[in-house]
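These notes are about the structure you will find just below.
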Amino acid sequence: MISYIKGEIIYNGGDTMVVENNGIGYEVTVPAFSAQKLCAQSGIVTVYTYMSVREDGISLFGFASLEEKHLYEKLISVSGIGPKAAVSILGVMTPTQLITAIISSDAEAIARAPGIGKKTAQRVILDLKDKIGSEDMSAAFESGEDAAMLEAVTAGEDRSEAAEALISLGYTRSEAIKAVSKVYNESMDVQKILSAALRELSRL
């Protein structure tokens, strides 16, 4: 198994790139967000890889971090999610966004990935909700804003009620959680949280 490749990116085709190491060019399929991170680096990069061995061939899938690779491995453990479908999901959602969608049961957000229907998205949530551990969360939710999003998902009755009210108004669960977590402070009741969150969403 190839765990990672350290080398220079000599070709970037969007969903695939070629990384040269010791005169050998490795073709790697990479989700869009990982590709952006890797291409933003100069010189030698480290691409963490997952090797898929099937009857029709061997493929390498690459990621900018171990956290992204581990999340990919969790995705392909879900029935009906193959290597390319997992790349499709990680191509439109950052690890933070995906974990938020899973723990908040936001199937609509996951279903935005090309080739992923709502039933498949619901299966991802059902299979992975209990498998997202504290290490996954702490790795993905590094910034203050993301930590607040996680807190809003997992605790606080007033915040939960405000988020549910926003969802009933047509906002996605992820949008509601992000808006509530951004405006919340301890002095606010449900109505104040809701009003402030609606003002925040109206600016988007």
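In the structure tokens, chains take letters A, B, ... by order of appearance, with residues numbered from 1 within each chain and ligands from 1 in the order shown.
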- Skip Lys118 of chain A itself and residues of its chain fewer than 3 positions away, then list as a PyMOL selection string all residues within 7 Å of it, counting only C-alpha atoms. chain A and resi 107-108+111+121-122
- Message: Residues within 12 Å of Lys84 of chain A, please, as a PyMOL selection string. Count only C-alpha atoms; anything in the same chain fewer than 5 positions from it doesn't count.
- Response: chain A and resi 15-16+29-31+50+52+59-62+72-73+75-76+89-91+113-116
Export N, CA, C and O atoms of the chosen residues as a CSV table (one decimal), in the first residue's frame?
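The result, written out as part_36.csv:
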```
chain,number,residue,atom,x,y,z
A,15,ASP,N,-9.6,17.2,-11.4
A,15,ASP,CA,-9.9,16.1,-10.6
A,15,ASP,C,-8.8,15.1,-10.5
A,15,ASP,O,-8.8,14.2,-9.7
A,16,THR,N,-7.8,15.2,-11.3
A,16,THR,CA,-6.6,14.4,-11.2
A,16,THR,C,-5.3,15.3,-11.2
A,16,THR,O,-5.3,16.4,-11.8
A,29,THR,N,-6.2,10.8,-8.2
A,29,THR,CA,-7.5,11.4,-8.2
A,29,THR,C,-7.7,12.2,-6.9
A,29,THR,O,-7.5,11.6,-5.8
A,30,VAL,N,-8.0,13.5,-7.0
A,30,VAL,CA,-8.0,14.3,-5.8
A,30,VAL,C,-9.3,15.2,-5.7
A,30,VAL,O,-9.7,15.8,-6.7
A,31,PRO,N,-10.0,15.2,-4.5
A,31,PRO,CA,-11.1,16.1,-4.4
A,31,PRO,C,-10.7,17.5,-4.6
A,31,PRO,O,-9.6,17.9,-4.3
A,50,TYR,N,-4.8,6.9,-0.7
A,50,TYR,CA,-5.6,5.7,-0.5
A,50,TYR,C,-5.5,4.9,-1.8
A,50,TYR,O,-5.9,5.4,-2.9
A,52,SER,N,-6.9,2.0,-4.2
A,52,SER,CA,-8.1,1.2,-4.4
A,52,SER,C,-7.7,0.1,-5.4
A,52,SER,O,-7.2,0.4,-6.5
A,59,SER,N,-6.2,2.2,-8.5
A,59,SER,CA,-6.3,3.7,-8.6
A,59,SER,C,-5.8,4.3,-7.3
A,59,SER,O,-5.9,3.7,-6.2
A,60,LEU,N,-5.2,5.5,-7.4
A,60,LEU,CA,-4.7,6.2,-6.2
A,60,LEU,C,-5.6,7.4,-6.0
A,60,LEU,O,-5.9,8.1,-6.9
A,61,PHE,N,-6.1,7.6,-4.8
A,61,PHE,CA,-6.9,8.8,-4.4
A,61,PHE,C,-6.0,9.6,-3.4
A,61,PHE,O,-5.5,9.0,-2.4
A,62,GLY,N,-5.9,10.9,-3.6
A,62,GLY,CA,-5.0,11.7,-2.8
A,62,GLY,C,-5.7,12.8,-2.0
A,62,GLY,O,-6.8,13.3,-2.4
A,72,TYR,N,-12.4,10.2,4.2
A,72,TYR,CA,-12.7,9.5,3.0
A,72,TYR,C,-12.9,8.0,3.2
A,72,TYR,O,-13.8,7.3,2.7
A,73,GLU,N,-12.0,7.4,4.1
A,73,GLU,CA,-12.1,6.0,4.4
A,73,GLU,C,-13.4,5.7,5.1
A,73,GLU,O,-14.0,4.6,4.9
A,75,LEU,N,-16.2,7.3,4.6
A,75,LEU,CA,-17.3,7.4,3.5
A,75,LEU,C,-17.4,6.1,2.7
A,75,LEU,O,-18.4,5.6,2.5
A,76,ILE,N,-16.2,5.6,2.3
A,76,ILE,CA,-16.3,4.4,1.5
A,76,ILE,C,-16.7,3.1,2.3
A,76,ILE,O,-16.9,2.1,1.7
A,89,ILE,N,-18.3,13.7,-2.9
A,89,ILE,CA,-18.8,14.4,-1.7
A,89,ILE,C,-17.7,15.3,-1.2
A,89,ILE,O,-18.0,16.5,-0.9
A,90,LEU,N,-16.5,14.8,-1.1
A,90,LEU,CA,-15.4,15.7,-0.6
A,90,LEU,C,-15.0,16.8,-1.5
A,90,LEU,O,-14.3,17.7,-1.2
A,91,GLY,N,-15.4,16.7,-2.8
A,91,GLY,CA,-15.1,17.7,-3.7
A,91,GLY,C,-16.0,18.9,-3.6
A,91,GLY,O,-15.7,20.0,-4.1
A,113,ALA,N,-23.8,16.9,-3.8
A,113,ALA,CA,-22.6,16.3,-4.5
A,113,ALA,C,-23.1,15.6,-5.8
A,113,ALA,O,-24.1,14.9,-5.7
A,114,PRO,N,-22.4,15.8,-6.9
A,114,PRO,CA,-22.8,15.1,-8.1
A,114,PRO,C,-22.9,13.6,-8.0
A,114,PRO,O,-22.0,13.0,-7.4
A,115,GLY,N,-24.0,13.0,-8.4
A,115,GLY,CA,-24.2,11.6,-8.3
A,115,GLY,C,-24.7,11.0,-7.0
A,115,GLY,O,-24.8,9.8,-6.8
A,116,ILE,N,-24.9,11.9,-6.0
A,116,ILE,CA,-25.4,11.5,-4.7
A,116,ILE,C,-26.8,11.9,-4.5
A,116,ILE,O,-27.1,13.1,-4.5
```
- All residues 10 Å or closer to Thr94 of chain A, only C-alpha atoms, same chain fewer than 6 positions away omitted, as a list of chain:residue names: A:Pro31, A:Ala32, A:Phe33, A:Ser34, A:Glu68, A:Thr100, A:Ala140
- Task: Can you check which residues of segment 40-127 of chain A DSSP gives as alpha helix (DSSP H) on the backbone and send them as a ChimeraX atom specification?
- Result: /A:66-76,83-92,95-103,107-110,118-127
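Pairwise distance (atom CA of Leu98 of chain A, atom CA of Ser65 of chain A) equals 15.2 Å.
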- Message: Report as number ranges by chain all protein, DNA and RNA residues lying within 9 Å of segment 123-125 of chain A, evaluated on only C-alpha atoms, omitting residues in the same chain fewer than 3 positions from it.
- Response: A: 75, 78-81, 101-107, 110, 118-120, 128-130
